[in-house]
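Following: one structure in structure tokens, then a few remarks.
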There are 2 protein chains.
Amino acid sequence: MPLLMLKDLPRYECLLKAAQAHPELDPSAAEVFLHLLRSGDEVFRVVDRHFARHQISEGRFGVLMALWSSAERPGGDGRQALSPAELAEHTGVTRATITGLVDTLERDGLVARSPHVEDRRMRSVSLTPRGSALLRRILPEHFRRMAWLMATLDEQERVTLVRLLGKVLQRASEEVGEGASGSSVAVPLGAAEVVASHSG
Amino acid sequence: MPLLMLKDLPRYECLLKAAQAHPELDPSAAEVFLHLLRSGDEVFRVVDRHFARHQISEGRFGVLMALWSSAERPGGDGRQALSPAELAEHTGVTRATITGLVDTLERDGLVARSPHVEDRRMRSVSLTPRGSALLRRILPEHFRRMAWLMATLDEQERVTLVRLLGKVLQRASEEVGEGASGSSVAVPLGAAEVVASHSG
DNA sequence: CCCCGGTCGTTAGCCCCCTGATCATCTGCT
DNA sequence: AGCAGATGATCAGGGGGCTAACGACCGGGG
């Protein structure tokens with residue numbers, strides 16, 4: 001019966017028992033599902049705790065990194081400026097959220113807003129020296145944490161994990177895609193697929 | 001240079017290039033890290049979109065499921081009641097957050113608060129009939145979605161994925177643990193471990 | 001030339017999540 | 001008994017995410 005409770009993952013026998021009451025429940029699928037969410041959350045917390053010491057959240061880091069990488073990008077002529085819409089595109093949040101993030105980042109002196117030269121609707125958000133300095137201070141430890149987290153996996157295991165996660169990721173992403181299978185609404189959950197997964 | 005940007009995962013060669021500028025960056029570790037966060041997020045969105053149609057968020061669902069499973073639990077004498085502190089324990093959020101969640105759930109008639117019989121500090125939160133009905137309406141589709149998401153993986157791949165995620169999960173969780181290795185603060189990122197992970 | 005659809009950034013309002021403080025109550029110690 | 005500390009729930013305040021709606025601005029078609 002536990003399904004999205006991220007704490008204390010249920011034992012597999014518990015899932016088996018729950019599957020008796022709920023024929024739609026695939027115990028091994030649920031187990032993978034719960035492990036994926038739980039480990040993703042826990043891994044996120046590890047880096048988030050590091051960021052938090054510098055008053056940086058995931059969203060703030062995303063904005064800073066987008067500006068940083070835009071400055072590093074060869075074609076970008078070295079400018080460290082993106083429009084809020086571009087930032088939203090890169091970080092995967094809405095433009096309204098970018099407004100709020102840039103508000104606080106600007107308040108803290110990490111980025112600066114300036115009017116766009118060509119299009120007067122737009123604004124240019126750029127990294128301040130203080131913002132660059134913060135990134136340079138944060139990144140090495142961030143990289144170390146990623147390396148440390150994955151240090152339990154050898155090279156072969158990493159390849160396997162990326163491959164399996166990639167399969168799940170593709171599956172999860174195709175839902176928001178163009179609904180290729182011609183299912184009813186946005187949910188390609190035709191009975192055939194579910195049955196196939198059960199009999200397979 | 002992209003690190004936590006969940007959209008458009010960086011190509012591996014890009015990570016290799018970034019690693020030249022940042023010696024702390026382990027490209028394959030970063031690749032696994034990004035895939036894990038990205039796929040976890042995308043999988044979460046799939047079920048979250050389903051919940052959203054019923055005005056249910058992850059937190060709300062966690063509370064409802066905790067009450068539901070407490071009612072189903074054999075030792076619990078069938079009562080569908082937990083204290084806010086127990087709910088916080090089961091769902092992994094703070095008690096203050098539980099207060100807010102229960103506020104809105106109570107407003108929507110899905111749970112009810114009542115004074116605790118033994119301890120006048122506590123309150124009993126219980127599932128209303130409407131709350132149970134909502135769960136019964138939501139769960140089958142939720143189970144189908146989990147099964148559908150994992151239908152791309154055969155049984156062997158599921159076992160492998162759970163095992164590898166388990167290794168990472170343990171690694172990520174031991175940080176918040178009792179600091180078994182006797183490291184400095186809450187971060188067992190001693191230079192020894194990092195070096196070991198590089199040379200290993 | 002002007003208008004109309006589309007895009008841009010922002011605002012308003014909501015939910016969820018956190019920390020820290022507050023107040024009520026229980027419990028153990030003297 | 002009475003007080004101190006622990007433990008309950010809640011509130012205050014903040015950040016970050018969303019949708020919906022707005023005013024400003026661009027561009028193309030009459």
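For the structure tokens, the naming scheme is as follows: chains receive sequential letters (A, B, ...) according to their order of presentation, residues are indexed from 1 within each chain, and ligands are indexed from 1 in presentation order.
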* To do: Compile the residues of chain D that lie within 10 Å of chain B, evaluated using only C-alpha atoms (C1' of nucleotides), and express the compilation as a PyMOL selection string.
  => chain D and resi 7-11
Each residue of chain C with at least one atom at most 12 Å from chain B should appear once, together with its nearest atom pair and the corresponding distance in Å (one decimal); atoms considered: only C-alpha atoms (C1' of nucleotides); ordering: chain, then increasing residue number; output as CSV.
```
residue,atom,partner,partner_atom,distance
C:DC14,C1',B:Thr104,CA,11.6
C:DC15,C1',B:Ser57,CA,8.9
C:DC16,C1',B:Gly59,CA,7.6
C:DC17,C1',B:Thr97,CA,6.5
C:DC18,C1',B:Thr94,CA,8.0
C:DT19,C1',B:Ala96,CA,9.6
C:DG20,C1',B:Ala96,CA,10.9
C:DC23,C1',B:Arg121,CA,10.7
C:DA24,C1',B:Arg121,CA,6.6
C:DT25,C1',B:Arg121,CA,5.3
C:DC26,C1',B:Asp119,CA,7.7
C:DT27,C1',B:Asp119,CA,11.9
```
Keeping only C-alpha atoms (C1' of nucleotides), write the selected residues as a PDB file, in the first residue's frame.
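That gives us out_15.pdb:
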```pdb
ATOM      1  C1'  DC C  14      -2.449  29.792  -4.901  1.00  0.00           C
ATOM      2  C1'  DC C  15       0.003  25.511  -3.028  1.00  0.00           C
ATOM      3  C1'  DC C  16       3.841  23.186  -0.945  1.00  0.00           C
ATOM      4  C1'  DC C  17       7.909  23.098   1.674  1.00  0.00           C
ATOM      5  C1'  DC C  18      11.105  24.834   4.953  1.00  0.00           C
ATOM      6  C1'  DT C  19      12.986  27.049   9.607  1.00  0.00           C
ATOM      7  C1'  DG C  20      12.180  29.121  13.936  1.00  0.00           C
ATOM      8  C1'  DC C  23       1.942  27.932  23.340  1.00  0.00           C
ATOM      9  C1'  DA C  24      -0.238  23.841  25.482  1.00  0.00           C
ATOM     10  C1'  DT C  25       0.454  19.707  27.494  1.00  0.00           C
ATOM     11  C1'  DC C  26       2.847  15.637  29.352  1.00  0.00           C
ATOM     12  C1'  DT C  27       6.521  13.530  32.193  1.00  0.00           C
TER      13       DT C  27
END
```
* Members of range 52-158 of chain B assigned alpha helix (DSSP H) by DSSP, as a ChimeraX atom specification -> /B:52,58-72,84-91,95-107,129-149,155-158
* Considering only C-alpha atoms (C1' of nucleotides), return as a count of residues only whatever protein or nucleic-acid residues lie within 12 Å of range 24-29 of chain D, sequence-local ones (same chain, fewer than 2 positions apart) excluded. => 16
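Comparing the minimum interatomic distances between chain A and each of B:Ser114, B:Gln20, B:Gln80, B:Ser70, counting only C-alpha atoms, we find that B:Ser70 sits nearest.
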Tell me as a short mmCIF file (atom, residue, chain, number, x, y, z; two decimals) with C-alpha atoms, in the first residue's frame which residues belonging to chain B come within 6 Å of chain A, counting only C-alpha atoms.
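In the end it all went to part.cif:
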```cif
data_model
loop_
_atom_site.label_atom_id
_atom_site.label_comp_id
_atom_site.auth_asym_id
_atom_site.auth_seq_id
_atom_site.Cartn_x
_atom_site.Cartn_y
_atom_site.Cartn_z
CA MET B 1 29.08 22.65 -17.95
CA MET B 5 19.82 21.67 -15.57
CA LYS B 7 16.31 19.83 -19.40
CA GLU B 24 37.15 17.56 -9.87
CA LEU B 25 34.56 16.65 -12.47
CA ASP B 26 34.13 12.94 -13.10
CA ALA B 29 29.65 10.15 -12.50
CA VAL B 32 24.76 9.06 -14.04
CA LEU B 36 19.10 9.90 -12.26
CA LEU B 37 17.73 13.33 -11.42
CA SER B 39 14.47 10.46 -15.05
CA GLY B 40 13.29 10.64 -11.46
CA GLU B 42 10.18 12.93 -15.39
CA VAL B 43 8.72 9.80 -13.82
CA GLY B 62 1.28 10.94 0.90
CA SER B 69 -2.38 2.06 4.95
CA THR B 91 5.58 11.14 4.60
CA GLY B 92 8.99 12.60 5.29
CA PRO B 140 -6.02 1.87 -10.16
CA PHE B 143 -0.90 1.52 -10.55
CA ARG B 144 -1.41 1.33 -14.29
CA ALA B 147 3.32 -0.53 -14.65
CA TRP B 148 3.27 1.32 -17.95
CA MET B 150 8.35 0.23 -16.31
CA ALA B 151 6.98 -1.88 -19.13
CA VAL B 162 16.81 -1.71 -8.26
CA LEU B 169 20.64 5.37 -2.42
CA ALA B 172 23.37 9.19 -0.54
CA SER B 197 37.14 7.11 -6.07
#
```
* Determine which residues of range 5-137 of chain A DSSP labels as strand (DSSP E) from the backbone of this structure, then write them out as a ChimeraX atom specification. => /A:81-82,111-115,123-127
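From C1' of DT19 in chain D back to CA of Gly131 in chain B, the distance works out to 25.7 Å.
Note that the spacing between CA of Val111 in chain B and CA of Ala18 in chain A amounts to 22.8 Å.
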